[in-house]
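Asks: File start04.csv follows (CSV, C-alpha atoms):
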```
chain,number,residue,atom,x,y,z
M,139,MET,CA,61.0,75.8,106.6
M,140,LYS,CA,59.7,72.9,104.7
M,141,LYS,CA,60.3,69.5,106.2
M,142,LYS,CA,63.0,67.6,104.4
M,143,THR,CA,62.5,64.1,103.0
M,144,LEU,CA,64.7,61.3,104.2
M,145,SER,CA,67.0,61.4,101.2
M,146,GLN,CA,67.4,65.1,101.5
M,147,GLN,CA,68.4,64.8,105.1
M,148,SER,CA,71.0,62.2,104.4
M,149,TYR,CA,72.4,64.4,101.6
M,150,GLN,CA,72.5,67.3,104.0
M,151,GLN,CA,74.6,65.2,106.4
M,152,LEU,CA,76.9,64.3,103.6
M,153,ALA,CA,77.3,67.9,102.5
M,154,ASP,CA,77.9,69.1,106.0
M,155,ALA,CA,80.7,66.5,106.5
M,156,HIS,CA,82.5,67.6,103.3
M,157,GLU,CA,81.9,71.3,103.6
M,158,ARG,CA,85.0,73.3,104.6
M,159,LYS,CA,84.6,74.9,108.0
M,160,ARG,CA,84.5,78.6,108.0
M,161,PRO,CA,87.5,80.0,109.9
M,162,VAL,CA,85.5,82.4,112.0
M,163,LEU,CA,88.0,83.1,114.7
M,164,MET,CA,90.8,83.7,112.2
M,165,ASN,CA,88.7,86.0,110.1
M,166,CYS,CA,87.8,88.0,113.2
M,167,ILE,CA,91.4,88.4,114.2
M,168,LYS,CA,92.4,89.4,110.7
M,169,ALA,CA,89.5,91.9,110.5
M,170,PHE,CA,90.5,93.3,114.0
M,171,PHE,CA,94.1,94.0,113.0
M,172,VAL,CA,93.5,95.3,109.5
M,173,GLY,CA,90.7,97.5,110.7
M,174,GLY,CA,92.8,98.7,113.6
M,175,LEU,CA,95.7,99.4,111.2
M,176,ILE,CA,93.4,101.5,109.0
M,177,CYS,CA,92.3,103.5,112.0
M,178,VAL,CA,96.0,104.0,113.0
M,179,ILE,CA,96.5,105.5,109.5
M,180,GLY,CA,93.4,107.7,110.1
M,181,GLN,CA,94.8,108.8,113.4
M,182,ALA,CA,98.1,109.7,111.7
M,183,VAL,CA,96.2,111.8,109.2
M,184,THR,CA,94.4,113.6,112.0
M,185,VAL,CA,97.7,114.3,113.8
M,186,LEU,CA,99.1,115.5,110.6
M,187,PHE,CA,96.2,118.0,110.2
M,188,ILE,CA,96.6,119.1,113.8
M,189,THR,CA,100.3,119.6,113.6
M,190,PHE,CA,100.7,121.3,110.2
M,191,PHE,CA,97.3,123.0,109.6
M,192,PRO,CA,95.1,125.3,111.8
M,193,PHE,CA,92.8,122.5,113.0
M,194,THR,CA,92.1,121.6,116.5
M,195,GLU,CA,91.3,118.1,117.8
M,196,GLN,CA,87.7,119.0,117.4
M,197,THR,CA,87.8,120.3,113.9
M,198,ALA,CA,90.4,117.9,112.4
M,199,GLY,CA,87.9,115.1,112.3
M,200,ASN,CA,86.1,116.1,109.2
M,201,PRO,CA,89.1,116.7,106.8
M,202,SER,CA,90.8,113.5,108.0
M,203,VAL,CA,87.6,111.4,107.3
M,204,SER,CA,87.4,112.8,103.8
M,205,VAL,CA,91.1,112.2,103.2
M,206,MET,CA,90.7,108.6,104.3
M,207,VAL,CA,87.6,108.1,102.0
M,208,PHE,CA,89.6,109.7,99.2
M,209,LEU,CA,92.5,107.4,99.8
M,210,SER,CA,90.4,104.3,99.7
M,211,MET,CA,88.7,105.5,96.5
M,212,ILE,CA,92.1,105.7,94.8
M,213,LEU,CA,93.2,102.4,96.2
M,214,THR,CA,90.0,100.8,94.9
M,215,GLY,CA,90.5,102.4,91.5
M,216,ILE,CA,94.0,100.8,91.2
M,217,GLY,CA,92.8,97.5,92.5
M,218,VAL,CA,94.6,97.3,95.8
M,219,TYR,CA,91.7,97.7,98.1
M,220,ASP,CA,89.9,94.6,96.7
M,221,ARG,CA,92.8,92.4,97.7
M,222,LEU,CA,92.7,94.0,101.1
M,223,GLY,CA,89.0,93.3,101.3
M,224,GLN,CA,89.5,89.7,100.4
M,225,PHE,CA,92.0,89.3,103.1
M,226,ALA,CA,90.4,91.3,105.9
M,227,GLY,CA,86.7,91.2,105.2
M,228,ALA,CA,84.8,93.4,107.5
M,229,GLY,CA,88.0,94.9,108.8
M,230,SER,CA,88.3,96.8,105.5
M,231,ALA,CA,84.6,97.6,105.2
M,232,VAL,CA,83.6,98.9,108.6
M,233,PRO,CA,85.9,102.0,108.8
M,234,VAL,CA,84.9,104.9,106.6
M,235,THR,CA,87.3,103.6,104.0
M,236,GLY,CA,84.7,101.0,103.2
M,237,PHE,CA,82.4,103.8,102.1
M,238,GLY,CA,84.8,105.0,99.4
M,239,ASN,CA,85.3,101.4,98.3
M,240,ALA,CA,81.6,100.8,97.9
M,241,VAL,CA,81.1,104.0,95.9
M,242,ILE,CA,84.0,103.4,93.4
M,243,SER,CA,83.5,99.6,93.0
M,244,ALA,CA,79.9,100.2,92.0
M,245,ALA,CA,81.0,102.9,89.6
M,246,ILE,CA,83.6,100.7,88.0
M,247,GLU,CA,81.1,97.8,87.7
M,248,HIS,CA,78.6,99.9,85.8
M,249,ARG,CA,81.1,101.8,83.6
M,250,THR,CA,80.1,99.9,80.5
M,251,GLU,CA,76.5,101.2,80.7
M,252,GLY,CA,77.5,104.7,80.1
M,253,PHE,CA,78.3,107.7,82.2
M,254,VAL,CA,74.9,109.0,83.1
M,255,LEU,CA,72.7,105.9,83.4
M,256,GLY,CA,75.6,103.6,84.3
M,257,VAL,CA,78.1,105.3,86.5
M,258,GLY,CA,75.9,108.2,87.7
M,259,GLY,CA,72.8,106.1,88.3
M,260,ASN,CA,74.6,103.2,90.1
M,261,MET,CA,77.4,104.9,91.9
M,262,PHE,CA,75.5,105.0,95.2
M,263,LYS,CA,73.8,101.7,94.8
M,264,LEU,CA,75.7,100.2,97.7
M,265,ALA,CA,76.8,103.4,99.5
M,266,GLY,CA,73.4,105.0,99.2
M,267,SER,CA,72.1,103.2,102.3
M,268,VAL,CA,74.9,104.6,104.3
M,269,ILE,CA,73.9,108.2,103.4
M,270,VAL,CA,70.2,107.6,103.8
M,271,PHE,CA,70.5,106.0,107.3
M,272,GLY,CA,73.2,108.4,108.3
M,273,VAL,CA,71.2,111.5,107.4
M,274,VAL,CA,68.0,110.1,108.9
M,275,SER,CA,69.5,109.0,112.2
M,276,ALA,CA,71.5,112.3,112.4
M,277,PHE,CA,68.2,114.2,111.9
M,278,PHE,CA,66.5,112.4,114.7
M,279,ILE,CA,69.4,112.6,117.1
M,280,ALA,CA,69.8,116.3,116.4
M,281,THR,CA,66.1,116.8,117.0
M,282,ILE,CA,66.2,115.0,120.3
M,283,LYS,CA,69.3,116.9,121.4
M,284,THR,CA,67.8,120.3,120.4
M,285,LEU,CA,64.6,119.5,122.4
M,286,LEU,CA,66.5,118.4,125.4
M,287,ILE,CA,68.7,121.5,125.4
M,288,GLN,CA,65.6,123.7,124.9
M,289,TRP,CA,63.9,122.0,127.9
M,290,GLY,CA,67.1,122.5,129.9
M,291,ILE,CA,67.6,118.8,130.7
M,292,ILE,CA,71.1,118.7,129.4
M,293,GLY,CA,73.6,121.6,129.1
Z,191,MET,CA,112.8,90.5,103.8
Z,192,LYS,CA,109.1,90.8,103.7
Z,193,GLN,CA,108.9,90.3,107.4
Z,194,THR,CA,111.4,93.1,108.2
Z,195,LYS,CA,109.4,95.5,106.1
Z,196,TRP,CA,106.3,94.8,108.1
Z,197,VAL,CA,108.2,95.1,111.4
Z,198,ALA,CA,109.5,98.4,110.2
Z,199,VAL,CA,106.0,99.7,109.3
Z,200,LEU,CA,104.7,98.5,112.7
Z,201,MET,CA,107.6,100.3,114.5
Z,202,VAL,CA,106.9,103.5,112.7
Z,203,PHE,CA,103.2,103.3,113.8
Z,204,LEU,CA,104.1,102.5,117.4
Z,205,LEU,CA,106.8,105.1,117.8
Z,206,SER,CA,104.9,107.9,116.1
Z,207,GLY,CA,102.5,107.7,119.0
Z,208,CYS,CA,105.2,108.9,121.3
Z,209,ALA,CA,105.8,112.2,119.6
Z,210,MET,CA,102.4,113.6,120.5
Z,211,PHE,CA,102.5,112.7,124.2
Z,212,GLU,CA,106.1,113.6,124.9
Z,213,GLU,CA,106.3,115.4,128.2
Z,214,VAL,CA,107.7,118.9,128.1
Z,215,GLY,CA,107.0,120.1,131.6
Z,216,PRO,CA,104.9,123.0,132.9
Z,217,ALA,CA,105.4,126.4,131.5
Z,218,GLU,CA,103.9,129.9,131.9
Z,219,LEU,CA,104.1,133.2,130.1
Z,220,ALA,CA,102.9,136.6,131.0
Z,221,ILE,CA,102.8,138.9,128.0
Z,222,ASP,CA,101.8,141.7,130.5
Z,223,GLU,CA,103.9,141.5,133.6
Z,224,ASP,CA,101.1,142.4,136.1
Z,225,LYS,CA,99.4,139.0,135.6
Z,226,ARG,CA,102.5,137.1,136.7
Z,227,GLU,CA,101.2,136.4,140.2
Z,228,ILE,CA,97.8,135.0,139.0
Z,229,ILE,CA,99.3,132.6,136.4
Z,230,THR,CA,101.9,131.3,138.9
Z,231,ALA,CA,99.0,130.5,141.3
Z,232,ILE,CA,97.0,128.9,138.5
Z,233,ASN,CA,100.0,126.7,137.4
Z,234,GLN,CA,100.5,125.7,141.0
Z,235,LYS,CA,96.8,124.5,141.1
Z,236,LEU,CA,97.2,122.7,137.9
Z,237,LYS,CA,100.3,120.9,139.2
Z,238,GLU,CA,98.3,119.7,142.1
Z,239,THR,CA,95.6,118.3,139.8
Z,240,GLU,CA,96.6,114.7,139.5
Z,241,GLU,CA,95.0,113.9,136.1
Z,242,LEU,CA,97.1,116.5,134.2
Z,243,TYR,CA,100.6,116.8,132.9
Z,244,ASP,CA,102.3,119.4,130.8
Z,245,THR,CA,100.4,122.5,131.7
Z,246,ILE,CA,100.8,125.9,130.0
Z,247,VAL,CA,99.3,129.2,131.3
Z,248,ILE,CA,99.5,132.3,129.1
Z,249,ALA,CA,98.2,135.7,130.2
Z,250,ALA,CA,97.7,138.9,128.2
Z,251,ASP,CA,96.1,142.0,129.5
Z,252,ASP,CA,92.5,141.0,129.3
Z,253,GLN,CA,92.6,137.2,128.9
Z,254,ILE,CA,94.2,134.1,130.3
Z,255,LEU,CA,94.6,130.9,128.4
Z,256,VAL,CA,95.1,127.6,130.3
Z,257,SER,CA,96.0,124.5,128.3
Z,258,TYR,CA,97.0,121.1,129.5
Z,259,LYS,CA,97.4,117.5,128.5
Z,260,VAL,CA,95.3,114.9,130.3
Z,261,LYS,CA,96.9,111.6,131.4
Z,262,HIS,CA,95.9,108.8,129.0
Z,263,MET,CA,93.7,106.8,131.4
Z,264,ASN,CA,91.9,109.9,132.5
Z,265,ARG,CA,90.9,111.0,129.1
Z,266,PHE,CA,87.4,109.6,129.6
Z,267,LYS,CA,86.9,112.1,132.3
Z,268,MET,CA,88.2,115.1,130.3
Z,269,LYS,CA,84.9,117.0,130.3
Z,270,GLY,CA,84.5,116.6,134.0
Z,271,ILE,CA,88.1,117.8,134.6
Z,272,GLU,CA,87.4,120.9,132.5
Z,273,LYS,CA,84.2,121.6,134.3
Z,274,LYS,CA,86.0,121.3,137.7
Z,275,LEU,CA,88.7,123.7,136.6
Z,276,ASN,CA,86.3,126.2,135.3
Z,277,LYS,CA,84.3,126.2,138.5
Z,278,TRP,CA,87.5,126.7,140.5
Z,279,PHE,CA,88.6,129.6,138.3
Z,280,GLU,CA,85.2,131.2,138.5
Z,281,LYS,CA,85.3,131.1,142.3
Z,282,LYS,CA,88.9,132.2,142.7
Z,283,TYR,CA,89.2,134.8,139.9
Z,284,PRO,CA,85.7,136.0,139.0
Z,285,ASP,CA,87.0,139.1,137.2
Z,286,GLU,CA,89.3,137.3,134.9
Z,287,GLN,CA,88.5,136.0,131.5
Z,288,ILE,CA,89.9,132.5,131.6
Z,289,ASP,CA,89.9,130.0,128.7
Z,290,VAL,CA,90.5,126.4,129.5
Z,291,SER,CA,91.4,123.9,126.8
Z,292,SER,CA,92.7,120.3,126.7
Z,293,ASP,CA,93.1,120.3,123.0
Z,294,TYR,CA,96.4,119.2,121.6
Z,295,LYS,CA,96.5,121.9,118.9
Z,296,ILE,CA,96.0,124.7,121.5
Z,297,PHE,CA,98.7,123.2,123.6
Z,298,LEU,CA,101.1,123.0,120.6
Z,299,GLU,CA,100.5,126.6,119.5
Z,300,SER,CA,100.9,127.9,123.1
Z,301,TYR,CA,104.1,125.9,123.5
Z,302,ASN,CA,105.4,127.4,120.2
Z,303,LEU,CA,104.4,130.9,121.4
Z,304,ILE,CA,106.4,130.4,124.6
Z,305,GLN,CA,109.4,129.0,122.8
Z,306,ASN,CA,109.5,131.9,120.4
Z,307,TRP,CA,109.0,134.4,123.3
Z,308,THR,CA,111.8,133.0,125.3
Z,309,GLU,CA,114.1,133.1,122.3
Z,310,ASP,CA,113.2,136.8,121.9
Z,311,LYS,CA,111.9,136.3,118.4
Z,312,LEU,CA,108.6,138.1,119.1
Z,313,THR,CA,107.7,141.6,120.0
Z,314,LYS,CA,105.0,142.2,122.5
Z,315,LYS,CA,102.6,143.1,119.7
Z,316,GLU,CA,103.3,140.0,117.7
Z,317,ALA,CA,102.9,137.8,120.7
Z,318,LYS,CA,99.6,139.3,121.5
Z,319,LYS,CA,98.4,138.8,117.9
Z,320,LYS,CA,99.5,135.2,118.1
Z,321,PHE,CA,97.7,134.8,121.4
Z,322,ASP,CA,94.5,136.2,120.0
Z,323,LYS,CA,94.8,133.8,117.1
Z,324,ILE,CA,95.0,130.9,119.5
Z,325,ILE,CA,92.0,132.1,121.4
Z,326,LYS,CA,90.1,132.3,118.2
Z,327,LEU,CA,91.1,128.8,117.2
Z,328,LYS,CA,90.0,127.6,120.6
Z,329,ASN,CA,86.5,129.0,120.2
Z,330,GLU,CA,86.1,127.7,116.7
Z,331,MET,CA,83.3,125.2,116.3
Z,332,THR,CA,83.1,122.2,114.0
```
Go through the file and emit its structure as structure tokens.
Replies:
Amino acid sequence: MKKKTLSQQSYQQLADAHERKRPVLMNCIKAFFVGGLICVIGQAVTVLFITFFPFTEQTAGNPSVSVMVFLSMILTGIGVYDRLGQFAGAGSAVPVTGFGNAVISAAIEHRTEGFVLGVGGNMFKLAGSVIVFGVVSAFFIATIKTLLIQWGIIG
Amino acid sequence: MKQTKWVAVLMVFLLSGCAMFEEVGPAELAIDEDKREIITAINQKLKETEELYDTIVIAADDQILVSYKVKHMNRFKMKGIEKKLNKWFEKKYPDEQIDVSSDYKIFLESYNLIQNWTEDKLTKKEAKKKFDKIIKLKNEMT
């Protein structure tokens, strides 16, 4: 970083004194509870699938994840999820529901540019990295696991 | 007004957890009578296993299904418990085809099967068909 001149330093001091402090702890608590609440809803969906449909605990994971993403997409579309995101921050972005939010909010943002180049081209602008890193890391993990099983190190 | 609404929502979430882990006690069912002895022995063994509660053992002519719930704090050791049980079964009953499952769905279906059986709603054939369905569900992969 470039060294600051004396006047810049004094200005920085003044700015720091008047800047509002970020309520980090409060944000963390909010994110914790809202994120946890989202996960409780997800668990409820899982239990619903187990109880009323022929899914086991193992297989119920996939449909309930997609239901949660779908729900957050709808909530983003009608503008509820943005409010939640404002209040909870990372608590609403870290669970899978954040993925649906990222997809739909990008789609809404670029709606004016047309369906193909606007919505289609920019839909995965934010969520694309999730898919890319998810697929890549899944590929490597699966490769390692397959090799380990082949060599008989793990069952 | 707003506060009571939130409290109500919270209560629903908290209490809904209870339904899944409600204790119903051990149960066993022999669709074919000649397996009665084996499943009683198995259920006895499961009762002695401390980490488990609510055990169900169902036997048909060629297959035995064992399902149980694991106590909450022991759920981290679920795989180990399953392995231990499998080993025990292999040693004690090497000729039997025994399936072990800690899955809630398997437990639920088995429980329903036993309930229907004791209420005489099922014929032997229907019960067997249902039993085969549960086994199939158990072996299903993601």
Asks: Could you check the closest approach to M:Ile188 for each of M:Leu163, M:Ser230, M:Ala244, M:Asn200 and tell me which residue wins, using all atoms listed in the file?
Replies: M:Asn200
Asks: Residues of chain M within 9 Å of chain Z, counting all atoms listed in the file, what are they? List them as a ChimeraX atom specification.
Replies: /M:175,178-179,182,185,188-189,192-200
Asks: Residues at most 12 Å from stretch 312-314 of chain Z, counting only C-alpha atoms, excluding those fewer than 2 positions away in the same chain, as an NGL selection string?
Replies: :Z and (219-223 or 250-251 or 302-310 or 316-321)
Asks: Filtering to C-alpha atoms, could you give me those residues as an mmCIF file, in the coordinates of the input?
Replies:
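See part12.cif below for the written result:
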```cif
data_model
loop_
_atom_site.group_PDB
_atom_site.id
_atom_site.type_symbol
_atom_site.label_atom_id
_atom_site.label_comp_id
_atom_site.auth_asym_id
_atom_site.auth_seq_id
_atom_site.Cartn_x
_atom_site.Cartn_y
_atom_site.Cartn_z
ATOM 1 C CA LEU Z 219 104.100 133.200 130.100
ATOM 2 C CA ALA Z 220 102.900 136.600 131.000
ATOM 3 C CA ILE Z 221 102.800 138.900 128.000
ATOM 4 C CA ASP Z 222 101.800 141.700 130.500
ATOM 5 C CA GLU Z 223 103.900 141.500 133.600
ATOM 6 C CA ALA Z 250 97.700 138.900 128.200
ATOM 7 C CA ASP Z 251 96.100 142.000 129.500
ATOM 8 C CA ASN Z 302 105.400 127.400 120.200
ATOM 9 C CA LEU Z 303 104.400 130.900 121.400
ATOM 10 C CA ILE Z 304 106.400 130.400 124.600
ATOM 11 C CA GLN Z 305 109.400 129.000 122.800
ATOM 12 C CA ASN Z 306 109.500 131.900 120.400
ATOM 13 C CA TRP Z 307 109.000 134.400 123.300
ATOM 14 C CA THR Z 308 111.800 133.000 125.300
ATOM 15 C CA GLU Z 309 114.100 133.100 122.300
ATOM 16 C CA ASP Z 310 113.200 136.800 121.900
ATOM 17 C CA GLU Z 316 103.300 140.000 117.700
ATOM 18 C CA ALA Z 317 102.900 137.800 120.700
ATOM 19 C CA LYS Z 318 99.600 139.300 121.500
ATOM 20 C CA LYS Z 319 98.400 138.800 117.900
ATOM 21 C CA LYS Z 320 99.500 135.200 118.100
ATOM 22 C CA PHE Z 321 97.700 134.800 121.400
#
```
Asks: Go ahead and compute the interatomic distance for atom CA of M:Val207 and atom CA of M:Gly272, in Å to one decimal.
Replies: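 One can read the atom CA of M:Val207 to atom CA of M:Gly272 distance as 15.7 Å.
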Asks: Mind working out the centre and edge lengths of an axis-aligned box for stretch 252-269 of chain M, all listed atoms inside, 3 Å added to each side, rounded to one decimal in Å and written as AutoDock Vina command-line options?
Replies:
```
--center_x 75.2 --center_y 104.6 --center_z 92.2 --size_x 12.2 --size_y 14.8 --size_z 30.2
```
Asks: Leaving out M:Gly223 and any residue of its chain fewer than 2 positions from it, which residues lie within 12 Å of it when counting all atoms listed in the file, given as a list in words?
Replies: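 Everything that qualifies: Asn165, Lys168, Ala169, Val172, Gly173, Ser210, Leu213, Thr214, Gly217, Val218, Tyr219, Asp220, Arg221, Phe225, Ala226, Gly227, Ala228, Gly229, Ser230, Ala231, Val232, Pro233, Thr235, Gly236, Asn239, Ala240 and Ser243 of chain M.
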Asks: Atom CA of Z:Phe279 to atom CA of Z:Gln234: how many Å, to one decimal?
Replies: 12.8 Å
Asks: Of the candidates Z:Lys277, Z:Lys237, Z:Lys225, Z:Arg265, which shows the shortest atom-to-atom distance to Z:Gln253, using all atoms listed in the file?
Replies: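 Nearest candidate to Z:Gln253 out of Z:Lys277, Z:Lys237, Z:Lys225, Z:Arg265: Z:Lys225.
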Asks: Looking at Z:Val214, Z:Leu275, Z:Ile232, Z:Val199, which one is nearest to Z:Ala249, with distances taken over only C-alpha atoms?
Replies: Z:Ile232
Asks: What is the atom CA of Z:Glu218 to atom CA of Z:Tyr301 distance in Å?
Replies: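 It comes out at 9.3 Å.
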Asks: For Z:Lys267, which of Z:Glu241, Z:Arg226, Z:Trp196, Z:Ala217 is the closest residue, counting only C-alpha atoms?
Replies: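 Once distances to Z:Lys267 are computed over only C-alpha atoms, the minimum belongs to Z:Glu241.
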